[in-house]
>>> print(open('protein.pdb').read())   # PDB, C-alpha atoms, pLDDT in the B column
MODEL        1
ATOM      1  CA  MET A   1     -54.872 -93.659 123.242  1.00 58.00           C
ATOM      2  CA  PHE A   2     -53.702 -96.831 121.532  1.00 61.00           C
ATOM      3  CA  GLY A   3     -50.659 -97.549 123.724  1.00 55.00           C
ATOM      4  CA  SER A   4     -47.175 -98.134 122.397  1.00 54.00           C
ATOM      5  CA  GLY A   5     -46.291 -99.614 118.998  1.00 61.00           C
ATOM      6  CA  LYS A   6     -48.869 -97.782 116.944  1.00 79.00           C
ATOM      7  CA  SER A   7     -49.819 -99.094 113.523  1.00 87.00           C
ATOM      8  CA  PRO A   8     -49.804 -96.750 110.488  1.00 90.00           C
ATOM      9  CA  ALA A   9     -53.619 -96.466 110.712  1.00 92.00           C
ATOM     10  CA  GLN A  10     -53.412 -95.564 114.407  1.00 91.00           C
ATOM     11  CA  ARG A  11     -50.682 -92.985 113.795  1.00 93.00           C
ATOM     12  CA  ARG A  12     -52.750 -91.351 111.043  1.00 95.00           C
ATOM     13  CA  PHE A  13     -55.879 -91.307 113.229  1.00 93.00           C
ATOM     14  CA  VAL A  14     -54.075 -89.751 116.212  1.00 92.00           C
ATOM     15  CA  ARG A  15     -52.341 -87.204 113.957  1.00 94.00           C
ATOM     16  CA  ALA A  16     -55.648 -86.229 112.319  1.00 94.00           C
ATOM     17  CA  SER A  17     -57.384 -85.913 115.705  1.00 92.00           C
ATOM     18  CA  LEU A  18     -54.673 -83.642 117.111  1.00 93.00           C
ATOM     19  CA  MET A  19     -54.451 -81.530 113.956  1.00 95.00           C
ATOM     20  CA  SER A  20     -58.223 -81.129 113.773  1.00 94.00           C
ATOM     21  CA  ALA A  21     -58.385 -79.958 117.404  1.00 90.00           C
ATOM     22  CA  GLY A  22     -55.938 -77.184 116.540  1.00 94.00           C
ATOM     23  CA  LEU A  23     -57.691 -76.409 113.259  1.00 95.00           C
ATOM     24  CA  VAL A  24     -61.077 -76.018 114.975  1.00 93.00           C
ATOM     25  CA  VAL A  25     -59.637 -73.317 117.222  1.00 93.00           C
ATOM     26  CA  VAL A  26     -57.855 -71.550 114.336  1.00 96.00           C
ATOM     27  CA  LEU A  27     -60.885 -71.675 112.014  1.00 96.00           C
ATOM     28  CA  ALA A  28     -63.233 -70.558 114.800  1.00 94.00           C
ATOM     29  CA  LEU A  29     -60.997 -67.519 115.341  1.00 96.00           C
ATOM     30  CA  VAL A  30     -60.872 -66.887 111.575  1.00 95.00           C
ATOM     31  CA  ALA A  31     -64.672 -67.131 111.304  1.00 96.00           C
ATOM     32  CA  ALA A  32     -65.164 -64.850 114.321  1.00 95.00           C
ATOM     33  CA  ALA A  33     -62.739 -62.302 112.850  1.00 96.00           C
ATOM     34  CA  ALA A  34     -64.462 -62.472 109.436  1.00 95.00           C
ATOM     35  CA  PHE A  35     -67.869 -61.806 110.977  1.00 95.00           C
ATOM     36  CA  ARG A  36     -66.494 -58.966 113.073  1.00 95.00           C
ATOM     37  CA  LEU A  37     -64.651 -57.314 110.173  1.00 95.00           C
ATOM     38  CA  TRP A  38     -67.126 -57.777 107.327  1.00 94.00           C
ATOM     39  CA  HIS A  39     -70.438 -58.145 109.207  1.00 92.00           C
ATOM     40  CA  LEU A  40     -71.361 -61.088 107.010  1.00 91.00           C
ATOM     41  CA  LYS A  41     -75.075 -61.794 106.522  1.00 92.00           C
ATOM     42  CA  GLY A  42     -77.227 -64.058 104.366  1.00 92.00           C
ATOM     43  CA  LEU A  43     -75.699 -66.514 101.911  1.00 92.00           C
ATOM     44  CA  PRO A  44     -72.032 -65.370 102.230  1.00 90.00           C
ATOM     45  CA  ALA A  45     -72.233 -65.970 105.985  1.00 95.00           C
ATOM     46  CA  TYR A  46     -73.007 -69.687 105.559  1.00 95.00           C
ATOM     47  CA  PRO A  47     -69.635 -71.003 104.280  1.00 95.00           C
ATOM     48  CA  VAL A  48     -67.700 -68.886 106.801  1.00 95.00           C
ATOM     49  CA  ALA A  49     -69.940 -70.042 109.670  1.00 95.00           C
ATOM     50  CA  VAL A  50     -69.399 -73.672 108.669  1.00 95.00           C
ATOM     51  CA  LEU A  51     -65.583 -73.332 108.513  1.00 95.00           C
ATOM     52  CA  PRO A  52     -64.874 -74.517 112.112  1.00 94.00           C
ATOM     53  CA  ALA A  53     -67.011 -77.623 111.523  1.00 95.00           C
ATOM     54  CA  LEU A  54     -64.822 -78.840 108.636  1.00 96.00           C
ATOM     55  CA  PRO A  55     -62.039 -80.305 110.834  1.00 96.00           C
ATOM     56  CA  ILE A  56     -64.745 -82.110 112.813  1.00 94.00           C
ATOM     57  CA  LEU A  57     -66.067 -83.705 109.628  1.00 95.00           C
ATOM     58  CA  TRP A  58     -62.472 -84.625 108.777  1.00 95.00           C
ATOM     59  CA  VAL A  59     -62.053 -86.490 112.091  1.00 95.00           C
ATOM     60  CA  LEU A  60     -65.305 -88.378 111.517  1.00 95.00           C
ATOM     61  CA  ILE A  61     -64.044 -89.433 108.084  1.00 96.00           C
ATOM     62  CA  GLU A  62     -60.656 -90.391 109.587  1.00 96.00           C
ATOM     63  CA  THR A  63     -62.459 -92.482 112.219  1.00 96.00           C
ATOM     64  CA  GLY A  64     -64.163 -94.393 109.408  1.00 96.00           C
ATOM     65  CA  ARG A  65     -60.842 -94.731 107.579  1.00 96.00           C
ATOM     66  CA  PHE A  66     -59.209 -96.098 110.713  1.00 96.00           C
ATOM     67  CA  LEU A  67     -61.905 -98.744 111.072  1.00 96.00           C
ATOM     68  CA  ALA A  68     -61.490 -99.655 107.396  1.00 96.00           C
ATOM     69  CA  ASP A  69     -57.665 -99.631 107.302  1.00 95.00           C
ATOM     70  CA  GLU A  70     -56.573-100.939 110.708  1.00 95.00           C
ATOM     71  CA  LYS A  71     -55.409-104.521 110.219  1.00 92.00           C
ATOM     72  CA  ASP A  72     -55.536-105.400 113.920  1.00 95.00           C
ATOM     73  CA  GLU A  73     -59.111-106.532 114.559  1.00 96.00           C
ATOM     74  CA  PHE A  74     -58.685-106.286 118.334  1.00 96.00           C
ATOM     75  CA  GLN A  75     -57.720-102.600 118.111  1.00 94.00           C
ATOM     76  CA  ARG A  76     -60.709-101.993 115.800  1.00 96.00           C
ATOM     77  CA  ASN A  77     -62.909-103.727 118.336  1.00 96.00           C
ATOM     78  CA  LEU A  78     -61.598-101.515 121.155  1.00 95.00           C
ATOM     79  CA  LEU A  79     -62.344 -98.332 119.213  1.00 95.00           C
ATOM     80  CA  VAL A  80     -65.821 -99.556 118.211  1.00 97.00           C
ATOM     81  CA  GLN A  81     -66.642-100.248 121.876  1.00 97.00           C
ATOM     82  CA  CYS A  82     -65.406 -96.763 122.834  1.00 97.00           C
ATOM     83  CA  LEU A  83     -67.420 -95.165 120.011  1.00 97.00           C
ATOM     84  CA  LEU A  84     -70.517 -97.033 121.214  1.00 98.00           C
ATOM     85  CA  GLY A  85     -69.812 -95.667 124.684  1.00 98.00           C
ATOM     86  CA  GLY A  86     -69.595 -92.195 123.151  1.00 97.00           C
ATOM     87  CA  ILE A  87     -72.843 -92.614 121.211  1.00 98.00           C
ATOM     88  CA  GLY A  88     -74.672 -94.008 124.251  1.00 98.00           C
ATOM     89  CA  GLY A  89     -73.397 -91.270 126.553  1.00 98.00           C
ATOM     90  CA  THR A  90     -74.270 -88.526 124.047  1.00 98.00           C
ATOM     91  CA  LEU A  91     -77.776 -89.874 123.413  1.00 98.00           C
ATOM     92  CA  ALA A  92     -78.430 -90.246 127.134  1.00 98.00           C
ATOM     93  CA  THR A  93     -77.089 -86.787 127.980  1.00 98.00           C
ATOM     94  CA  THR A  94     -78.893 -84.928 125.191  1.00 97.00           C
ATOM     95  CA  THR A  95     -82.179 -86.775 125.802  1.00 97.00           C
ATOM     96  CA  ILE A  96     -82.091 -86.107 129.543  1.00 98.00           C
ATOM     97  CA  TRP A  97     -81.099 -82.486 128.889  1.00 97.00           C
ATOM     98  CA  GLY A  98     -83.956 -82.128 126.399  1.00 96.00           C
ATOM     99  CA  TYR A  99     -86.500 -83.152 129.007  1.00 97.00           C
ATOM    100  CA  LEU A 100     -84.837 -80.894 131.587  1.00 97.00           C
ATOM    101  CA  GLN A 101     -85.191 -77.983 129.122  1.00 96.00           C
ATOM    102  CA  ASP A 102     -88.835 -78.781 128.401  1.00 96.00           C
ATOM    103  CA  PHE A 103     -90.073 -79.461 131.905  1.00 97.00           C
ATOM    104  CA  ALA A 104     -87.579 -77.943 134.337  1.00 97.00           C
ATOM    105  CA  HIS A 105     -86.553 -74.902 132.289  1.00 96.00           C
ATOM    106  CA  ALA A 106     -82.890 -75.911 132.334  1.00 96.00           C
ATOM    107  CA  PRO A 107     -80.572 -73.727 130.224  1.00 96.00           C
ATOM    108  CA  ARG A 108     -80.665 -74.485 126.491  1.00 95.00           C
ATOM    109  CA  LEU A 109     -77.978 -76.923 125.337  1.00 95.00           C
ATOM    110  CA  ASP A 110     -76.394 -75.549 122.168  1.00 95.00           C
ATOM    111  CA  PRO A 111     -76.025 -78.307 119.517  1.00 93.00           C
ATOM    112  CA  ILE A 112     -72.415 -77.206 119.093  1.00 91.00           C
ATOM    113  CA  TRP A 113     -71.704 -79.102 122.348  1.00 94.00           C
ATOM    114  CA  VAL A 114     -72.913 -82.461 120.998  1.00 95.00           C
ATOM    115  CA  TYR A 115     -69.587 -83.243 119.326  1.00 93.00           C
ATOM    116  CA  PRO A 116     -67.388 -82.456 122.384  1.00 93.00           C
ATOM    117  CA  ILE A 117     -69.839 -84.403 124.576  1.00 96.00           C
ATOM    118  CA  PHE A 118     -69.490 -87.387 122.219  1.00 96.00           C
ATOM    119  CA  TRP A 119     -65.677 -87.396 122.452  1.00 94.00           C
ATOM    120  CA  LEU A 120     -65.847 -86.790 126.205  1.00 96.00           C
ATOM    121  CA  PHE A 121     -67.811 -90.032 126.566  1.00 97.00           C
ATOM    122  CA  VAL A 122     -65.443 -91.816 124.148  1.00 96.00           C
ATOM    123  CA  GLY A 123     -62.614 -90.663 126.435  1.00 96.00           C
ATOM    124  CA  ILE A 124     -64.453 -91.919 129.518  1.00 97.00           C
ATOM    125  CA  ALA A 125     -65.192 -95.265 127.830  1.00 97.00           C
ATOM    126  CA  TRP A 126     -61.574 -95.810 126.731  1.00 95.00           C
ATOM    127  CA  PRO A 127     -59.968 -96.689 130.125  1.00 95.00           C
ATOM    128  CA  VAL A 128     -63.042 -98.744 131.070  1.00 95.00           C
ATOM    129  CA  VAL A 129     -62.828-100.786 127.863  1.00 95.00           C
ATOM    130  CA  TYR A 130     -59.031-100.974 128.009  1.00 90.00           C
ATOM    131  CA  ARG A 131     -59.060-102.268 131.619  1.00 90.00           C
ATOM    132  CA  ARG A 132     -61.274-105.189 130.585  1.00 89.00           C
ATOM    133  CA  TYR A 133     -58.511-106.550 128.362  1.00 86.00           C
ATOM    134  CA  ARG A 134     -55.486-105.898 130.560  1.00 79.00           C
TER     135      ARG A 134
ATOM    136  CA  MET B   1     -62.946-119.283 124.356  1.00 81.00           C
ATOM    137  CA  LYS B   2     -60.143-121.402 125.857  1.00 90.00           C
ATOM    138  CA  ASN B   3     -57.059-121.990 123.806  1.00 95.00           C
ATOM    139  CA  ARG B   4     -53.532-123.422 123.933  1.00 95.00           C
ATOM    140  CA  LEU B   5     -51.748-120.328 122.656  1.00 95.00           C
ATOM    141  CA  LYS B   6     -49.677-119.814 125.790  1.00 95.00           C
ATOM    142  CA  VAL B   7     -48.418-123.415 125.687  1.00 96.00           C
ATOM    143  CA  LEU B   8     -47.751-123.332 121.950  1.00 97.00           C
ATOM    144  CA  ARG B   9     -45.928-120.051 122.335  1.00 96.00           C
ATOM    145  CA  ALA B  10     -43.840-121.375 125.234  1.00 95.00           C
ATOM    146  CA  GLU B  11     -42.919-124.499 123.227  1.00 95.00           C
ATOM    147  CA  ARG B  12     -41.365-122.213 120.627  1.00 96.00           C
ATOM    148  CA  ASP B  13     -39.893-119.861 123.217  1.00 96.00           C
ATOM    149  CA  TRP B  14     -41.804-116.931 121.740  1.00 97.00           C
ATOM    150  CA  SER B  15     -42.854-113.909 123.740  1.00 96.00           C
ATOM    151  CA  GLN B  16     -46.282-112.342 123.205  1.00 96.00           C
ATOM    152  CA  ALA B  17     -44.506-109.616 121.240  1.00 96.00           C
ATOM    153  CA  ASP B  18     -42.822-112.247 119.003  1.00 96.00           C
ATOM    154  CA  LEU B  19     -46.161-113.868 118.232  1.00 97.00           C
ATOM    155  CA  ALA B  20     -47.784-110.478 117.690  1.00 96.00           C
ATOM    156  CA  GLU B  21     -45.101-109.569 115.159  1.00 95.00           C
ATOM    157  CA  ARG B  22     -45.598-112.843 113.272  1.00 96.00           C
ATOM    158  CA  LEU B  23     -49.366-112.298 113.209  1.00 96.00           C
ATOM    159  CA  GLU B  24     -49.021-108.578 112.350  1.00 93.00           C
ATOM    160  CA  VAL B  25     -51.204-107.583 115.300  1.00 94.00           C
ATOM    161  CA  SER B  26     -50.527-105.736 118.557  1.00 93.00           C
ATOM    162  CA  ARG B  27     -49.173-107.451 121.673  1.00 94.00           C
ATOM    163  CA  GLN B  28     -52.416-106.498 123.450  1.00 93.00           C
ATOM    164  CA  SER B  29     -54.300-108.511 120.830  1.00 95.00           C
ATOM    165  CA  VAL B  30     -52.239-111.615 121.529  1.00 96.00           C
ATOM    166  CA  ASN B  31     -52.721-111.135 125.273  1.00 95.00           C
ATOM    167  CA  ALA B  32     -56.484-110.680 124.885  1.00 95.00           C
ATOM    168  CA  ILE B  33     -56.781-113.821 122.733  1.00 96.00           C
ATOM    169  CA  GLU B  34     -54.499-115.845 124.990  1.00 95.00           C
ATOM    170  CA  THR B  35     -56.470-114.971 128.121  1.00 94.00           C
ATOM    171  CA  GLY B  36     -59.744-115.819 126.355  1.00 92.00           C
ATOM    172  CA  LYS B  37     -61.060-112.268 126.608  1.00 94.00           C
ATOM    173  CA  PHE B  38     -61.202-111.771 122.860  1.00 95.00           C
ATOM    174  CA  ASP B  39     -62.173-114.359 120.269  1.00 94.00           C
ATOM    175  CA  PRO B  40     -60.260-113.944 117.012  1.00 96.00           C
ATOM    176  CA  SER B  41     -62.020-113.831 113.668  1.00 95.00           C
ATOM    177  CA  LEU B  42     -61.880-116.865 111.404  1.00 95.00           C
ATOM    178  CA  PRO B  43     -59.119-115.348 109.191  1.00 95.00           C
ATOM    179  CA  LEU B  44     -56.942-114.665 112.267  1.00 96.00           C
ATOM    180  CA  ALA B  45     -57.660-118.124 113.667  1.00 96.00           C
ATOM    181  CA  PHE B  46     -56.548-119.634 110.318  1.00 97.00           C
ATOM    182  CA  LYS B  47     -53.432-117.460 110.418  1.00 96.00           C
ATOM    183  CA  LEU B  48     -52.635-118.821 113.888  1.00 97.00           C
ATOM    184  CA  ALA B  49     -53.268-122.365 112.701  1.00 97.00           C
ATOM    185  CA  ARG B  50     -50.914-121.897 109.738  1.00 97.00           C
ATOM    186  CA  LEU B  51     -48.268-120.369 111.986  1.00 97.00           C
ATOM    187  CA  PHE B  52     -48.345-123.263 114.456  1.00 97.00           C
ATOM    188  CA  GLU B  53     -48.974-125.833 111.682  1.00 96.00           C
ATOM    189  CA  LEU B  54     -52.032-127.129 113.512  1.00 96.00           C
ATOM    190  CA  ARG B  55     -55.760-127.273 112.883  1.00 96.00           C
ATOM    191  CA  ILE B  56     -57.900-124.514 114.418  1.00 95.00           C
ATOM    192  CA  GLU B  57     -59.618-126.995 116.733  1.00 94.00           C
ATOM    193  CA  GLU B  58     -56.200-128.089 117.990  1.00 94.00           C
ATOM    194  CA  ILE B  59     -55.610-124.541 119.216  1.00 96.00           C
ATOM    195  CA  PHE B  60     -59.071-123.396 120.292  1.00 95.00           C
ATOM    196  CA  GLU B  61     -61.608-125.173 122.414  1.00 88.00           C
ATOM    197  CA  ASP B  62     -65.281-124.879 121.563  1.00 80.00           C
ATOM    198  CA  SER B  63     -66.494-123.923 125.032  1.00 71.00           C
ATOM    199  CA  GLY B  64     -70.059-124.868 124.045  1.00 70.00           C
ATOM    200  CA  SER B  65     -69.066-128.480 123.482  1.00 63.00           C
ATOM    201  CA  GLY B  66     -67.463-128.829 126.918  1.00 57.00           C
ATOM    202  CA  SER B  67     -64.507-130.584 125.315  1.00 54.00           C
ATOM    203  CA  GLU B  68     -60.772-129.939 125.456  1.00 55.00           C
ATOM    204  CA  PRO B  69     -58.841-128.810 122.359  1.00 57.00           C
ATOM    205  CA  ALA B  70     -58.454-131.645 119.852  1.00 54.00           C
ATOM    206  CA  SER B  71     -54.738-132.219 120.419  1.00 52.00           C
ATOM    207  CA  GLN B  72     -55.269-132.518 124.173  1.00 52.00           C
ATOM    208  CA  GLN B  73     -58.002-135.087 123.538  1.00 52.00           C
ATOM    209  CA  ALA B  74     -55.641-137.021 121.272  1.00 49.00           C
ATOM    210  CA  SER B  75     -52.806-137.029 123.813  1.00 50.00           C
ATOM    211  CA  GLU B  76     -55.178-138.027 126.601  1.00 49.00           C
ATOM    212  CA  SER B  77     -56.643-140.910 124.603  1.00 48.00           C
ATOM    213  CA  ALA B  78     -53.124-142.122 123.724  1.00 48.00           C
ATOM    214  CA  ASN B  79     -52.216-142.306 127.439  1.00 44.00           C
TER     215      ASN B  79
ENDMDL
END
>>> encode(input="protein.pdb", output="structure tokens")
Amino acid sequence: MFGSGKSPAQRRFVRASLMSAGLVVVLALVAAAAFRLWHLKGLPAYPVAVLPALPILWVLIETGRFLADEKDEFQRNLLVQCLLGGIGGTLATTTIWGYLQDFAHAPRLDPIWVYPIFWLFVGIAWPVVYRRYR
Amino acid sequence: MKNRLKVLRAERDWSQADLAERLEVSRQSVNAIETGKFDPSLPLAFKLARLFELRIEEIFEDSGSGSEPASQQASESAN
């Protein structure tokens, strides 16, 4: 994502992103197994249900840490532009989908997809932003 | 914002990577500044000025003023 010669902040951010992607899958499987085995309901179900979201929160915190710790202002600027692309794309998609649900009876968009949609748009924005500075 | 980084770098026989290392930034940053696509912050501009032992206005041109960098003006007026 950041090209060659990564700074310590970039290395940590990439490592955290990759690890969290794996952790989401593992914790989702753990949560699914826990619900299947113990038929969790009520209050005990809440912490187990939230488990797969924890790595996602971790990445959001690491994103903030990257922006605080990265010494290269140009690299910070690139990520901020990509994040803005992600925010814009997510807001546009979810708003349009909301109206489609209300008026055109489109299938319901589960909020669980908001986070992947956000990073999808960050990923789309990255080469566009990067090409501007080549 | 126009600047004389490429010339100053060439005078010292530094590559973009050499300058990037001295500034503790990425090579892409140096390229983006050099090509005028990214304006550095004031702290980075001061760092560049210290590195080249010049004033900021001798490196960067205020595009709003329509003038050349200060050192170019000085050399032109001397001619």
>>> resolve_selection(input="protein.pdb", expression="the ChimeraX specification (/B :<9) & /A", output="PDB file with C-alpha atoms, in the coordinates of the input")
ATOM      1  CA  GLY A   5     -46.291 -99.614 118.998  1.00 61.00           C
ATOM      2  CA  LYS A   6     -48.869 -97.782 116.944  1.00 79.00           C
ATOM      3  CA  SER A   7     -49.819 -99.094 113.523  1.00 87.00           C
ATOM      4  CA  LYS A  71     -55.409-104.521 110.219  1.00 92.00           C
ATOM      5  CA  ASP A  72     -55.536-105.400 113.920  1.00 95.00           C
ATOM      6  CA  GLU A  73     -59.111-106.532 114.559  1.00 96.00           C
ATOM      7  CA  PHE A  74     -58.685-106.286 118.334  1.00 96.00           C
ATOM      8  CA  GLN A  75     -57.720-102.600 118.111  1.00 94.00           C
ATOM      9  CA  ARG A 132     -61.274-105.189 130.585  1.00 89.00           C
ATOM     10  CA  TYR A 133     -58.511-106.550 128.362  1.00 86.00           C
ATOM     11  CA  ARG A 134     -55.486-105.898 130.560  1.00 79.00           C
TER      12      ARG A 134
END
>>> residues_around(input="protein.pdb", residues="segment 9-13 of chain B", least_positions_apart="2", cutoff="12 Å", atoms="all atoms listed in the file", output="list in words")
Asn3, Arg4, Leu5, Lys6, Val7, Ser15, Gln16, Ala17, Asp18, Leu19, Ala20, Arg22, Val30, Asn31, Glu34, Leu48, Leu51, Phe52 and Ile59 of chain B
>>> residues_near_point(input="protein.pdb", point="(-63.1, -87.0, 114.0)", cutoff="12 Å", atoms="only C-alpha atoms", output="ChimeraX atom specification")
/A:12-21,23-24,53-66,83,115-116,118-119,122
>>> atom_distance(input="protein.pdb", atom1="atom CA of Glu57 of chain B", atom2="atom CA of Arg131 of chain A")
28.9 Å
>>> residues_around(input="protein.pdb", residues="Val48 of chain A", least_positions_apart="3", cutoff="10 Å", atoms="all atoms listed in the file", output="count of residues only")
14
>>> residues_near_point(input="protein.pdb", point="(-62.2, -122.1, 125.1)", cutoff="7 Å", atoms="only C-alpha atoms", output="list in words")
Met1, Lys2, Asn3, Gly36, Phe60, Glu61, Asp62 and Ser63 of chain B
>>> atom_distance(input="protein.pdb", atom1="atom CA of Ala49 of chain A", atom2="atom CA of Ile112 of chain A")
12.1 Å
>>> atom_distance(input="protein.pdb", atom1="atom CA of Thr93 of chain A", atom2="atom CA of Val128 of chain A")
18.7 Å
>>> decode(input="protein.pdb", residues="segment 1-10 of chain B", atoms="all heavy atoms", output="PDB file, in the first residue's frame")
ATOM      1  N   MET B   1       3.365  24.889  -5.984  1.00  0.00           N
ATOM      2  CA  MET B   1       4.371  25.915  -5.685  1.00  0.00           C
ATOM      3  C   MET B   1       5.694  25.540  -6.365  1.00  0.00           C
ATOM      4  O   MET B   1       6.183  24.430  -6.181  1.00  0.00           O
ATOM      5  CB  MET B   1       4.570  26.009  -4.168  1.00  0.00           C
ATOM      6  CG  MET B   1       5.458  27.152  -3.728  1.00  0.00           C
ATOM      7  SD  MET B   1       5.727  27.128  -1.947  1.00  0.00           S
ATOM      8  CE  MET B   1       4.173  27.799  -1.379  1.00  0.00           C
ATOM      9  N   LYS B   2       6.229  26.479  -7.169  1.00  0.00           N
ATOM     10  CA  LYS B   2       7.503  26.197  -7.856  1.00  0.00           C
ATOM     11  C   LYS B   2       8.652  26.248  -6.856  1.00  0.00           C
ATOM     12  O   LYS B   2       8.580  26.961  -5.854  1.00  0.00           O
ATOM     13  CB  LYS B   2       7.724  27.227  -8.963  1.00  0.00           C
ATOM     14  CG  LYS B   2       6.832  27.011 -10.176  1.00  0.00           C
ATOM     15  CD  LYS B   2       7.170  28.017 -11.250  1.00  0.00           C
ATOM     16  CE  LYS B   2       6.208  27.893 -12.422  1.00  0.00           C
ATOM     17  NZ  LYS B   2       6.395  28.972 -13.390  1.00  0.00           N
ATOM     18  N   ASN B   3       9.673  25.511  -7.172  1.00  0.00           N
ATOM     19  CA  ASN B   3      10.834  25.514  -6.276  1.00  0.00           C
ATOM     20  C   ASN B   3      12.102  25.162  -7.053  1.00  0.00           C
ATOM     21  O   ASN B   3      12.033  24.730  -8.211  1.00  0.00           O
ATOM     22  CB  ASN B   3      10.605  24.539  -5.123  1.00  0.00           C
ATOM     23  CG  ASN B   3      10.430  23.122  -5.601  1.00  0.00           C
ATOM     24  OD1 ASN B   3      11.395  22.487  -5.996  1.00  0.00           O
ATOM     25  ND2 ASN B   3       9.192  22.628  -5.601  1.00  0.00           N
ATOM     26  N   ARG B   4      13.239  25.315  -6.392  1.00  0.00           N
ATOM     27  CA  ARG B   4      14.537  25.045  -7.035  1.00  0.00           C
ATOM     28  C   ARG B   4      15.170  23.759  -6.507  1.00  0.00           C
ATOM     29  O   ARG B   4      16.378  23.581  -6.612  1.00  0.00           O
ATOM     30  CB  ARG B   4      15.468  26.224  -6.766  1.00  0.00           C
ATOM     31  CG  ARG B   4      15.011  27.545  -7.379  1.00  0.00           C
ATOM     32  CD  ARG B   4      15.951  28.662  -6.975  1.00  0.00           C
ATOM     33  NE  ARG B   4      17.316  28.374  -7.377  1.00  0.00           N
ATOM     34  CZ  ARG B   4      18.361  28.494  -6.561  1.00  0.00           C
ATOM     35  NH1 ARG B   4      18.204  28.877  -5.327  1.00  0.00           N
ATOM     36  NH2 ARG B   4      19.582  28.218  -6.996  1.00  0.00           N
ATOM     37  N   LEU B   5      14.364  22.886  -5.949  1.00  0.00           N
ATOM     38  CA  LEU B   5      14.924  21.688  -5.313  1.00  0.00           C
ATOM     39  C   LEU B   5      15.754  20.844  -6.272  1.00  0.00           C
ATOM     40  O   LEU B   5      16.823  20.365  -5.913  1.00  0.00           O
ATOM     41  CB  LEU B   5      13.797  20.822  -4.739  1.00  0.00           C
ATOM     42  CG  LEU B   5      13.310  21.141  -3.331  1.00  0.00           C
ATOM     43  CD1 LEU B   5      12.363  20.063  -2.861  1.00  0.00           C
ATOM     44  CD2 LEU B   5      14.474  21.268  -2.374  1.00  0.00           C
ATOM     45  N   LYS B   6      15.237  20.677  -7.490  1.00  0.00           N
ATOM     46  CA  LYS B   6      15.925  19.811  -8.452  1.00  0.00           C
ATOM     47  C   LYS B   6      17.326  20.370  -8.759  1.00  0.00           C
ATOM     48  O   LYS B   6      18.299  19.618  -8.819  1.00  0.00           O
ATOM     49  CB  LYS B   6      15.092  19.702  -9.736  1.00  0.00           C
ATOM     50  CG  LYS B   6      15.494  18.559 -10.618  1.00  0.00           C
ATOM     51  CD  LYS B   6      14.508  18.379 -11.759  1.00  0.00           C
ATOM     52  CE  LYS B   6      14.904  17.190 -12.621  1.00  0.00           C
ATOM     53  NZ  LYS B   6      13.946  16.955 -13.696  1.00  0.00           N
ATOM     54  N   VAL B   7      17.399  21.685  -8.929  1.00  0.00           N
ATOM     55  CA  VAL B   7      18.675  22.342  -9.226  1.00  0.00           C
ATOM     56  C   VAL B   7      19.613  22.222  -8.028  1.00  0.00           C
ATOM     57  O   VAL B   7      20.782  21.839  -8.177  1.00  0.00           O
ATOM     58  CB  VAL B   7      18.441  23.839  -9.577  1.00  0.00           C
ATOM     59  CG1 VAL B   7      19.752  24.577  -9.754  1.00  0.00           C
ATOM     60  CG2 VAL B   7      17.570  23.965 -10.809  1.00  0.00           C
ATOM     61  N   LEU B   8      19.077  22.522  -6.850  1.00  0.00           N
ATOM     62  CA  LEU B   8      19.902  22.472  -5.635  1.00  0.00           C
ATOM     63  C   LEU B   8      20.419  21.055  -5.389  1.00  0.00           C
ATOM     64  O   LEU B   8      21.560  20.861  -4.957  1.00  0.00           O
ATOM     65  CB  LEU B   8      19.090  22.958  -4.427  1.00  0.00           C
ATOM     66  CG  LEU B   8      18.677  24.432  -4.466  1.00  0.00           C
ATOM     67  CD1 LEU B   8      17.638  24.733  -3.388  1.00  0.00           C
ATOM     68  CD2 LEU B   8      19.889  25.340  -4.291  1.00  0.00           C
ATOM     69  N   ARG B   9      19.568  20.115  -5.662  1.00  0.00           N
ATOM     70  CA  ARG B   9      19.935  18.702  -5.496  1.00  0.00           C
ATOM     71  C   ARG B   9      21.036  18.328  -6.502  1.00  0.00           C
ATOM     72  O   ARG B   9      22.024  17.678  -6.152  1.00  0.00           O
ATOM     73  CB  ARG B   9      18.672  17.864  -5.710  1.00  0.00           C
ATOM     74  CG  ARG B   9      18.726  16.454  -5.264  1.00  0.00           C
ATOM     75  CD  ARG B   9      17.339  15.853  -5.208  1.00  0.00           C
ATOM     76  NE  ARG B   9      16.587  15.922  -6.451  1.00  0.00           N
ATOM     77  CZ  ARG B   9      16.858  15.213  -7.548  1.00  0.00           C
ATOM     78  NH1 ARG B   9      17.854  14.375  -7.555  1.00  0.00           N
ATOM     79  NH2 ARG B   9      16.098  15.343  -8.627  1.00  0.00           N
ATOM     80  N   ALA B  10      20.851  18.758  -7.743  1.00  0.00           N
ATOM     81  CA  ALA B  10      21.826  18.443  -8.793  1.00  0.00           C
ATOM     82  C   ALA B  10      23.189  19.081  -8.484  1.00  0.00           C
ATOM     83  O   ALA B  10      24.228  18.469  -8.738  1.00  0.00           O
ATOM     84  CB  ALA B  10      21.299  18.929 -10.134  1.00  0.00           C
TER      85      ALA B  10
END
